[in-house]
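One structure is given below, encoded as structure tokens.
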Amino acid sequence: MIIGLMADSHDNLPRIKQAVEFFNKKKVDLVLHAGDFVAPFVVRELGKLSCPLIGVFGNNDGEKEGLKKAIGKIGEIHPGPLELEREGKKILLLHDPSTLNLKKLKKKRYDVIVYGHTHKAEIREEQNLLLINPGECAGWLTHRSTIAWINLEEMKAEIVELLL
């Protein structure tokens with residue numbers, strides 16, 4: 001199973017469109033969004049995904065009911081953190097990593113933690129735990145628009161830079 005990862009899209013429709021095109025071309029089975037969609041109109045582009053979308057709210061997602069209704073047509077959005085299991089792997093999806101207590105989380109034995117908020121793309125491994133921030137899809141703050149993907153079978157992840 002290949003999962004597309006994105007976060008901090010902040011209403012940037014051209015970058016969201018690029019991310020969707022990448023995920024569709026890659027034939028991902030699922031897209032996880034780690035928050036900060038911002039407004040419900042982003043579903044205009046996210047609705048073009050060829051797979052389901054699961055997301056969590058971020059700190060800039062002010063219109064939660066509108067997002068819930070819009071995203072409900074193409075997938076799911078939840079308050080984070082959200083626990084998922086796919087292909088026998090335990091995944092935690094959240095927005096703000098400052099809420100993480102890694103010692104406590106390691107005891108729960110997650111395989112993957114996906115987060116956003118910092119706008120800094122990174123993949124790191126700590127004691128059989130893969131931590132992934134796909135970075136900032138929007139590219140507003142860092143002037144770098146990134147997303148990521150993970151192959152759950154191989155536990156291989158990669159950051160992908162979108163052209164600005």
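Labels used: A, B, ... for chains in the order of the structure tokens, numbers from 1 for residues in each chain, and numbers from 1 for ligands as shown.
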Would you write out, as a tab-separated table, a table of all residues in stretch 16-130 of chain A that have an atom no more than 8 Å from an atom of stretch 137-147 of chain A, listing for each the closest atom pair and the distance in Å to one decimal, considering only C-alpha atoms and ordering rows by chain and rising residue number?
residue	atom	partner	partner_atom	distance
A:Ile16	CA	A:Cys137	CA	7.0
A:Ala19	CA	A:Ile147	CA	7.0
A:His119	CA	A:Thr142	CA	7.2
A:Lys120	CA	A:Thr142	CA	8.0
A:Ala121	CA	A:Thr146	CA	7.0
For the residues in that selection, give me C-alpha atoms as a compact mmCIF listing (two decimals), in the first residue's frame.
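Result file selection_25.txt:
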# COMPACT_ATOMS: atom_id res chain seq x y z
CA ILE A 16 -2.96 21.34 -4.08
CA ALA A 19 -0.14 17.38 -5.24
CA HIS A 119 6.28 23.58 7.55
CA LYS A 120 9.62 21.72 7.56
CA ALA A 121 9.77 18.54 5.51
### alpha helix (DSSP H) call set, DSSP backbone run, stretch 82-149 of chain A, as number ranges by chain
A: 102-108
### Message
Just want the 12 Å neighbourhood of A:Glu125, counted on only C-alpha atoms, with same-chain residues fewer than 3 positions away dropped. Output as a PyMOL selection string.
### Response
chain A and resi 106+110-113+122+128-133+155-157
Per residue of stretch 44-149 of chain A within 9 Å of stretch 30-39 of chain A, what are the shortest atom pair and its distance in Å to one decimal, counting only C-alpha atoms, with rows by chain and residue number, as CSV?
residue,atom,partner,partner_atom,distance
A:Leu49,CA,A:Val31,CA,8.4
A:Ser50,CA,A:Leu30,CA,8.7
A:Cys51,CA,A:Leu30,CA,5.4
A:Pro52,CA,A:Leu30,CA,5.2
A:Leu53,CA,A:Val31,CA,4.8
A:Ile54,CA,A:Leu32,CA,5.0
A:Gly55,CA,A:His33,CA,4.4
A:Val56,CA,A:Gly35,CA,5.1
A:Phe57,CA,A:Gly35,CA,4.7
A:Gly58,CA,A:Gly35,CA,4.1
A:Asn59,CA,A:Asp36,CA,6.5
A:Asn60,CA,A:Asp36,CA,5.3
A:Asp61,CA,A:Val38,CA,4.4
A:Gly62,CA,A:Val38,CA,6.6
A:Glu63,CA,A:Ala39,CA,6.4
A:Lys64,CA,A:Ala39,CA,8.5
A:Gly66,CA,A:Ala39,CA,7.7
A:Leu67,CA,A:Ala39,CA,6.6
A:Ile77,CA,A:His33,CA,8.8
A:Gly80,CA,A:Ala34,CA,8.6
A:Leu93,CA,A:Ala34,CA,6.3
A:Leu94,CA,A:Ala34,CA,5.6
A:His95,CA,A:Ala34,CA,5.0
A:Asp96,CA,A:Ala34,CA,8.6
A:Val114,CA,A:Ala34,CA,6.8
A:Tyr115,CA,A:Ala34,CA,5.4
A:Gly116,CA,A:Ala34,CA,5.4
A:His117,CA,A:Gly35,CA,7.6
A:Asn133,CA,A:Ala34,CA,8.5
A:Pro134,CA,A:Ala34,CA,8.6
A:Trp149,CA,A:Val31,CA,8.6
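Distance annotation: of A:His78, A:Lys17, A:Lys27, A:Lys68, the residue with the minimal separation from A:Lys48 is A:Lys17; atom set is only C-alpha atoms.
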### Task
Please identify all polymer residues within 7 Å of A:Ile2, counting only C-alpha atoms, omitting same-chain residues fewer than 2 positions from it, and present them as a PyMOL selection string.
chain A and resi 4+28-29+149-152
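Nearest residue to A:Glu65 among A:Pro40, A:Met6, A:Ile159, A:Leu82 is A:Pro40, counting only C-alpha atoms.
When only C-alpha atoms are used to compute distances to A:Glu158, the closest of the residues A:Ile123, A:Pro81, A:Glu136, A:Gln18 turns out to be A:Ile123.
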